[in-house]
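Raw contents of my_file-v2.tsv, TSV, C-alpha atoms:
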chain	number	residue	atom	x	y	z
A	19	ASN	CA	-8.36	-11.16	-8.69
A	20	LEU	CA	-9.86	-9.00	-5.98
A	21	LYS	CA	-10.03	-5.26	-6.56
A	22	LEU	CA	-8.84	-2.47	-4.32
A	23	GLU	CA	-11.67	-0.15	-3.32
A	24	LYS	CA	-11.05	3.55	-3.79
A	25	LYS	CA	-12.44	4.42	-0.34
A	26	THR	CA	-10.07	1.98	1.37
A	27	LEU	CA	-7.02	3.34	-0.45
A	28	VAL	CA	-8.01	6.96	0.23
A	29	ILE	CA	-8.36	6.29	3.97
A	30	LEU	CA	-5.04	4.44	4.13
A	31	ARG	CA	-3.28	7.26	2.26
A	32	TRP	CA	-4.77	9.94	4.55
A	33	ILE	CA	-3.52	8.00	7.58
A	34	ALA	CA	-0.04	7.83	6.02
A	35	ILE	CA	-0.02	11.53	5.06
A	36	ILE	CA	-1.20	12.72	8.48
A	37	GLY	CA	1.32	10.42	10.17
A	38	GLN	CA	4.13	11.82	8.01
A	39	LEU	CA	3.14	15.41	8.83
A	40	ILE	CA	2.96	14.73	12.57
A	41	THR	CA	6.33	12.97	12.54
A	42	ILE	CA	8.15	15.61	10.46
A	43	TYR	CA	6.77	18.60	12.37
A	44	THR	CA	7.29	16.96	15.77
A	45	VAL	CA	10.93	16.27	14.95
A	46	TYR	CA	11.50	19.78	13.58
A	47	PHE	CA	9.45	22.05	15.83
A	48	ILE	CA	9.39	20.15	19.14
A	49	PHE	CA	12.68	18.23	19.18
A	50	LYS	CA	14.44	21.01	17.18
A	51	PHE	CA	16.23	18.51	14.94
A	52	GLU	CA	17.74	19.71	11.68
A	53	LEU	CA	16.01	18.53	8.51
A	54	PRO	CA	14.93	20.04	5.15
A	55	ILE	CA	11.44	20.91	6.37
A	56	ILE	CA	10.37	22.78	3.21
A	57	TYR	CA	11.18	19.90	0.84
A	58	CYS	CA	9.62	17.36	3.21
A	59	SER	CA	6.46	19.46	3.44
A	60	LEU	CA	6.25	19.77	-0.35
A	61	ILE	CA	6.52	16.01	-0.82
A	62	ILE	CA	3.75	15.38	1.71
A	63	PHE	CA	1.69	18.22	0.17
A	64	PHE	CA	1.82	16.59	-3.28
A	65	GLY	CA	0.78	13.31	-1.67
A	66	GLY	CA	-2.28	15.10	-0.28
A	67	ILE	CA	-3.06	16.58	-3.72
A	68	THR	CA	-3.01	13.15	-5.36
A	69	ASN	CA	-5.29	11.82	-2.63
A	70	LEU	CA	-7.77	14.66	-3.19
A	71	TYR	CA	-7.71	13.81	-6.90
A	72	LEU	CA	-8.29	10.15	-6.12
A	73	ASN	CA	-11.15	10.96	-3.76
A	74	PHE	CA	-13.07	13.61	-5.72
A	75	TRP	CA	-12.09	13.39	-9.40
A	76	PHE	CA	-11.32	9.71	-9.90
A	77	LYS	CA	-14.68	8.30	-11.00
A	78	LYS	CA	-14.26	4.57	-10.37
A	79	ASN	CA	-15.24	3.13	-6.98
A	80	GLU	CA	-13.04	0.09	-7.59
A	81	LEU	CA	-9.56	0.59	-8.95
A	82	SER	CA	-8.29	-1.57	-11.77
A	83	THR	CA	-5.04	-3.48	-11.33
A	84	LEU	CA	-3.19	-0.85	-13.38
A	85	ASP	CA	-4.64	2.07	-11.38
A	86	SER	CA	-3.92	0.37	-8.06
A	87	THR	CA	-0.34	-0.42	-9.09
A	88	PHE	CA	0.21	3.18	-10.19
A	89	PHE	CA	-1.00	4.73	-6.93
A	90	LEU	CA	0.89	2.20	-4.80
A	91	PHE	CA	4.05	2.86	-6.81
A	92	TYR	CA	3.57	6.60	-6.34
A	93	ASP	CA	3.26	6.09	-2.57
A	94	LEU	CA	6.42	3.98	-2.62
A	95	PHE	CA	8.31	6.67	-4.55
A	96	GLN	CA	7.00	9.45	-2.32
A	97	LEU	CA	8.07	7.68	0.87
A	98	THR	CA	11.46	6.83	-0.64
A	99	PHE	CA	12.05	10.50	-1.46
A	100	LEU	CA	10.99	11.50	2.05
A	101	LEU	CA	13.38	8.93	3.54
A	102	PHE	CA	16.16	10.18	1.26
A	103	LEU	CA	15.77	13.62	2.85
A	104	THR	CA	15.68	12.27	6.41
A	105	GLY	CA	18.52	9.80	6.80
A	106	GLY	CA	17.80	7.12	4.22
A	107	ILE	CA	18.33	3.60	5.47
A	108	LYS	CA	19.22	4.95	8.94
A	109	ASN	CA	15.67	6.23	9.37
A	110	PRO	CA	13.67	3.71	11.47
A	111	PHE	CA	10.55	4.38	9.37
A	112	VAL	CA	12.24	2.64	6.41
A	113	ILE	CA	10.19	-0.48	7.24
A	114	PHE	CA	7.12	1.27	5.81
A	115	LEU	CA	8.57	0.89	2.31
A	116	ILE	CA	7.27	-2.68	2.21
A	117	VAL	CA	3.61	-1.66	2.68
A	118	PRO	CA	2.72	-1.11	-1.03
A	119	ALA	CA	4.05	-4.53	-2.01
A	120	ILE	CA	2.19	-6.17	0.90
A	121	VAL	CA	-1.09	-4.53	-0.15
A	122	SER	CA	-0.49	-5.66	-3.73
A	123	SER	CA	0.25	-9.25	-2.69
A	124	THR	CA	-3.15	-9.60	-1.00
A	125	LEU	CA	-5.33	-7.92	-3.64
A	126	LEU	CA	-3.53	-7.54	-6.96
A	127	THR	CA	-1.82	-9.78	-9.50
A	128	LEU	CA	1.55	-11.47	-9.20
A	129	ARG	CA	2.93	-9.12	-11.86
A	130	SER	CA	1.96	-6.03	-9.85
A	131	THR	CA	3.45	-7.53	-6.69
A	132	LEU	CA	6.71	-8.32	-8.48
A	133	ILE	CA	6.91	-4.79	-9.93
A	134	LEU	CA	6.38	-3.19	-6.53
A	135	SER	CA	8.69	-5.64	-4.73
A	136	ILE	CA	11.55	-5.13	-7.21
A	137	SER	CA	11.02	-1.36	-7.05
A	138	THR	CA	11.15	-1.53	-3.26
A	139	VAL	CA	14.49	-3.38	-3.35
A	140	LEU	CA	15.94	-0.89	-5.85
A	141	PHE	CA	14.79	2.09	-3.80
A	142	LEU	CA	16.28	0.49	-0.68
A	143	LEU	CA	19.62	0.18	-2.43
A	144	VAL	CA	19.51	3.82	-3.55
A	145	ILE	CA	18.79	5.27	-0.11
A	146	SER	CA	21.37	2.92	1.43
A	147	PHE	CA	24.17	4.74	-0.42
A	148	TYR	CA	22.64	8.14	-1.20
A	149	HIS	CA	20.78	10.13	1.44
A	150	LEU	CA	20.91	13.28	3.50
A	151	PRO	CA	21.92	13.03	7.18
A	152	LEU	CA	19.52	11.62	9.72
A	153	PRO	CA	17.76	14.49	11.58
A	154	HIS	CA	19.80	15.35	14.64
A	155	PRO	CA	20.12	18.05	17.29
A	156	GLY	CA	22.91	20.55	16.66
A	157	ASN	CA	26.32	19.06	15.95
A	158	LEU	CA	25.45	15.52	17.03
A	159	HIS	CA	25.65	13.14	14.06
A	160	PHE	CA	24.47	9.54	13.95
A	161	HIS	CA	27.39	7.37	12.83
A	162	VAL	CA	27.04	3.62	12.41
A	163	PRO	CA	29.41	0.95	11.09
A	164	ASP	CA	29.08	-0.24	7.52
A	165	TYR	CA	27.85	-3.72	8.48
A	166	TYR	CA	24.86	-2.10	10.16
A	167	LEU	CA	24.01	-0.14	7.03
A	168	TYR	CA	24.20	-3.33	4.96
A	169	SER	CA	22.19	-5.41	7.44
A	170	VAL	CA	19.22	-3.02	7.58
A	171	PRO	CA	18.23	-3.24	3.87
A	172	LEU	CA	18.91	-6.99	3.96
A	173	ALA	CA	16.55	-7.35	6.92
A	174	VAL	CA	13.89	-5.25	5.19
A	175	VAL	CA	14.15	-7.36	2.02
A	176	ILE	CA	13.78	-10.57	4.06
A	177	VAL	CA	10.69	-9.15	5.77
A	178	LEU	CA	9.37	-8.07	2.35
A	179	ILE	CA	9.74	-11.59	0.91
A	180	PHE	CA	8.24	-13.19	4.01
A	181	LEU	CA	5.17	-10.93	4.19
A	182	THR	CA	4.48	-10.81	0.44
A	183	TYR	CA	4.50	-14.61	0.37
A	184	PHE	CA	1.97	-14.87	3.18
A	185	GLY	CA	-0.01	-11.97	1.71
A	186	ALA	CA	-0.17	-13.79	-1.62
A	187	ARG	CA	-1.27	-17.02	0.10
A	188	PHE	CA	-3.92	-15.13	2.06
A	189	GLY	CA	-5.14	-13.39	-1.10
A	190	LEU	CA	-5.27	-16.69	-3.00
A	191	GLU	CA	-7.29	-18.35	-0.23
A	192	SER	CA	-9.65	-15.36	-0.09
A	193	ARG	CA	-10.20	-15.54	-3.85
A	194	LYS	CA	-10.84	-19.30	-3.68
A	195	LYS	CA	-13.38	-18.81	-0.90
A	196	ALA	CA	-15.07	-16.00	-2.84
A	197	GLU	CA	-15.28	-18.19	-5.96
A	198	ALA	CA	-16.62	-21.15	-3.95
A	199	LEU	CA	-19.25	-18.94	-2.33
A	200	LYS	CA	-20.25	-17.58	-5.72
A	201	GLU	CA	-20.62	-21.12	-7.15
A	202	LEU	CA	-22.66	-22.17	-4.11
A	203	GLU	CA	-24.98	-19.20	-4.57
A	204	LEU	CA	-25.46	-20.17	-8.25
A	205	VAL	CA	-26.29	-23.77	-7.31
A	206	LEU	CA	-28.80	-22.64	-4.67
A	207	ALA	CA	-30.35	-20.19	-7.11
A	208	LYS	CA	-30.78	-22.96	-9.71
A	209	GLU	CA	-32.30	-25.29	-7.11
A	210	GLN	CA	-34.75	-22.60	-6.05
A	211	GLU	CA	-35.61	-21.95	-9.71
A	212	LEU	CA	-36.20	-25.66	-10.35
A	213	GLU	CA	-38.29	-25.95	-7.19
A	214	SER	CA	-40.36	-22.97	-8.28
A	215	ILE	CA	-40.87	-24.48	-11.74
A	216	GLY	CA	-41.91	-27.81	-10.15
A	217	LEU	CA	-44.46	-26.09	-7.94
A	218	GLN	CA	-45.85	-24.17	-10.91
A	219	ALA	CA	-46.08	-27.38	-12.96
A	220	ALA	CA	-47.86	-29.19	-10.12
A	221	ALA	CA	-50.30	-26.31	-9.79
A	222	ALA	CA	-50.94	-26.35	-13.54
A	223	VAL	CA	-51.59	-30.14	-13.54
A	224	HIS	CA	-53.91	-29.75	-10.59
A	225	SER	CA	-55.84	-26.98	-12.27
A	226	LEU	CA	-56.16	-29.01	-15.49
A	227	GLY	CA	-57.41	-32.04	-13.60
A	228	THR	CA	-60.02	-30.06	-11.69
A	229	PRO	CA	-63.48	-29.95	-13.35
Take the structure in the file and give it back as structure tokens.
Amino acid sequence: NLKLEKKTLVILRWIAIIGQLITIYTVYFIFKFELPIIYCSLIIFFGGITNLYLNFWFKKNELSTLDSTFFLFYDLFQLTFLLFLTGGIKNPFVIFLIVPAIVSSTLLTLRSTLILSISTVLFLLVISFYHLPLPHPGNLHFHVPDYYLYSVPLAVVIVLIFLTYFGARFGLESRKKAEALKELELVLAKEQELESIGLQAAAAVHSLGTP
């Protein structure tokens, strides 16, 4: 299987962390919506700490399947906790929960993808029933009927299945192309080696036949 490069994961995680900070602080300081800003900041802060560790203290340039699965699971857990504090399944950013499984489906093994996909479904169920209120201004609360709350996680799970399937197909095709290219390079290298040996043999015969 293909391997996830450390640099790629670090950049993606910085984008996510900065996006979370901008969103949380915009909602709290500009729109003046009520939310547990201290706990949200701490969660994002710990995400930044793990990314600094990954960038400066993690020695491998390519992450193993186990390492990649661990960091993607941590990102999934971190985002779930953040969503729990900010409305749960009512939060429109809930769609981002499928990202770790999608990344895994393109680059990692089927086992890793299944672990992350099942974890995503379980976390979706948790924040569907247990979550703090959606950030809101003053006394205005966001109330929705039960069928809406049930349809959102169902829709996210359907999208998860759809995209992980195509991610897995894309990853499989990429691996097949990489293997075919590698075999082609080996064949060309052998042909060049044989051609070189033939030229050397011809030169040796010529030199032996020359008085």
I need every residue sitting at most 12 Å from the point (15.9, -1.1, 11.0) (coordinates as in the file, only C-alpha atoms considered), written as a compact mmCIF listing (two decimals) with C-alpha atoms, keeping the file's coordinate frame.
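Final output, result.txt:
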# COMPACT_ATOMS: atom_id res chain seq x y z
CA GLY A 105 18.52 9.80 6.80
CA GLY A 106 17.80 7.12 4.22
CA ILE A 107 18.33 3.60 5.47
CA LYS A 108 19.22 4.95 8.94
CA ASN A 109 15.67 6.23 9.37
CA PRO A 110 13.67 3.71 11.47
CA PHE A 111 10.55 4.38 9.37
CA VAL A 112 12.24 2.64 6.41
CA ILE A 113 10.19 -0.48 7.24
CA PHE A 114 7.12 1.27 5.81
CA LEU A 115 8.57 0.89 2.31
CA LEU A 142 16.28 0.49 -0.68
CA SER A 146 21.37 2.92 1.43
CA TYR A 166 24.86 -2.10 10.16
CA LEU A 167 24.01 -0.14 7.03
CA TYR A 168 24.20 -3.33 4.96
CA SER A 169 22.19 -5.41 7.44
CA VAL A 170 19.22 -3.02 7.58
CA PRO A 171 18.23 -3.24 3.87
CA LEU A 172 18.91 -6.99 3.96
CA ALA A 173 16.55 -7.35 6.92
CA VAL A 174 13.89 -5.25 5.19
CA VAL A 175 14.15 -7.36 2.02
CA ILE A 176 13.78 -10.57 4.06
CA VAL A 177 10.69 -9.15 5.77
Item to check | Atomic distance atom CA of Phe64 of chain A - atom CA of Tyr43 of chain A, expressed in Å with one decimal | outcome: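 Separating atom CA of Phe64 of chain A from atom CA of Tyr43 of chain A is a distance of 16.5 Å.
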Checklist entry - Using only C-alpha atoms, which residue out of A:Tyr57, A:Tyr165, A:Phe76, A:Phe180 lies closest to Ile42 of chain A? => result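 That would be A:Tyr57, the residue with the smallest distance to Ile42 of chain A.
In terms of minimum interatomic distance to Leu190 of chain A, A:Leu128 ranks closest within A:Leu81, A:Leu128, A:Thr138, A:Leu178, counting all atoms listed in the file.
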Item to check | Å distance separating atom CA of Phe102 of chain A from atom CA of Ile55 of chain A, one decimal place | outcome: 12.8 Å
Just give me the residues with any atom within 8 Å of (16.4, 19.6, 17.5), file coordinates, counting all atoms listed in the file, written as a tab-separated table (two decimals) with C-alpha atoms, in the coordinates of the input.
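Everything below was put into selection-v8.tsv:
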chain	number	residue	atom	x	y	z
A	45	VAL	CA	10.93	16.27	14.95
A	46	TYR	CA	11.50	19.78	13.58
A	47	PHE	CA	9.45	22.05	15.83
A	48	ILE	CA	9.39	20.15	19.14
A	49	PHE	CA	12.68	18.23	19.18
A	50	LYS	CA	14.44	21.01	17.18
A	51	PHE	CA	16.23	18.51	14.94
A	52	GLU	CA	17.74	19.71	11.68
A	153	PRO	CA	17.76	14.49	11.58
A	154	HIS	CA	19.80	15.35	14.64
A	155	PRO	CA	20.12	18.05	17.29
A	156	GLY	CA	22.91	20.55	16.66
Checklist entry - So what do you get for atom CA of Ile145 of chain A versus atom CA of Ile116 of chain A, distance-wise? => result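 These two atoms are separated by 14.2 Å.
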Checklist entry - Taking into account all atoms listed in the file, which residue in the set A:Ser122, A:Gln96, A:Thr26, A:Thr83 is nearest to Leu60 of chain A? => result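 Going through A:Ser122, A:Gln96, A:Thr26, A:Thr83 one by one, the smallest distance to Leu60 of chain A is for A:Gln96.
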Item to check | Residues within 10 Å of segment 32-35 of chain A, all atoms listed in the file, excluding chain neighbours under 4 positions, as a PyMOL selection string | outcome: chain A and resi 27-28+39-41+61-66+69-70+93+97+114
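Among the candidate residues A:Pro151, A:Pro163, A:Pro118, A:Gly185, the one lying nearest to Leu90 of chain A is A:Pro118, with distances computed using all atoms listed in the file.
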Next on the checklist: Between A:Phe99, A:Gln38, A:Phe89, A:Val162, which residue has the minimum interatomic distance to Leu134 of chain A, considering only C-alpha atoms?
Outcome noted: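 Among the listed residues, A:Phe89 lies closest to Leu134 of chain A.
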Taking all atoms of segment 58-66 of chain A that appear in the file, build a box with edges along x, y and z, extend it by 4 Å on every side, and state its centre and edge lengths in Å to one decimal, as AutoDock Vina command-line options.
--center_x 3.7 --center_y 16.5 --center_z 0.1 --size_x 19.9 --size_y 14.5 --size_z 14.7
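Proximity to Phe188 of chain A was assessed for A:Ile120, A:Leu143, A:Val205, A:Ile136 counting all atoms listed in the file; the smallest distance is recorded for A:Ile120.
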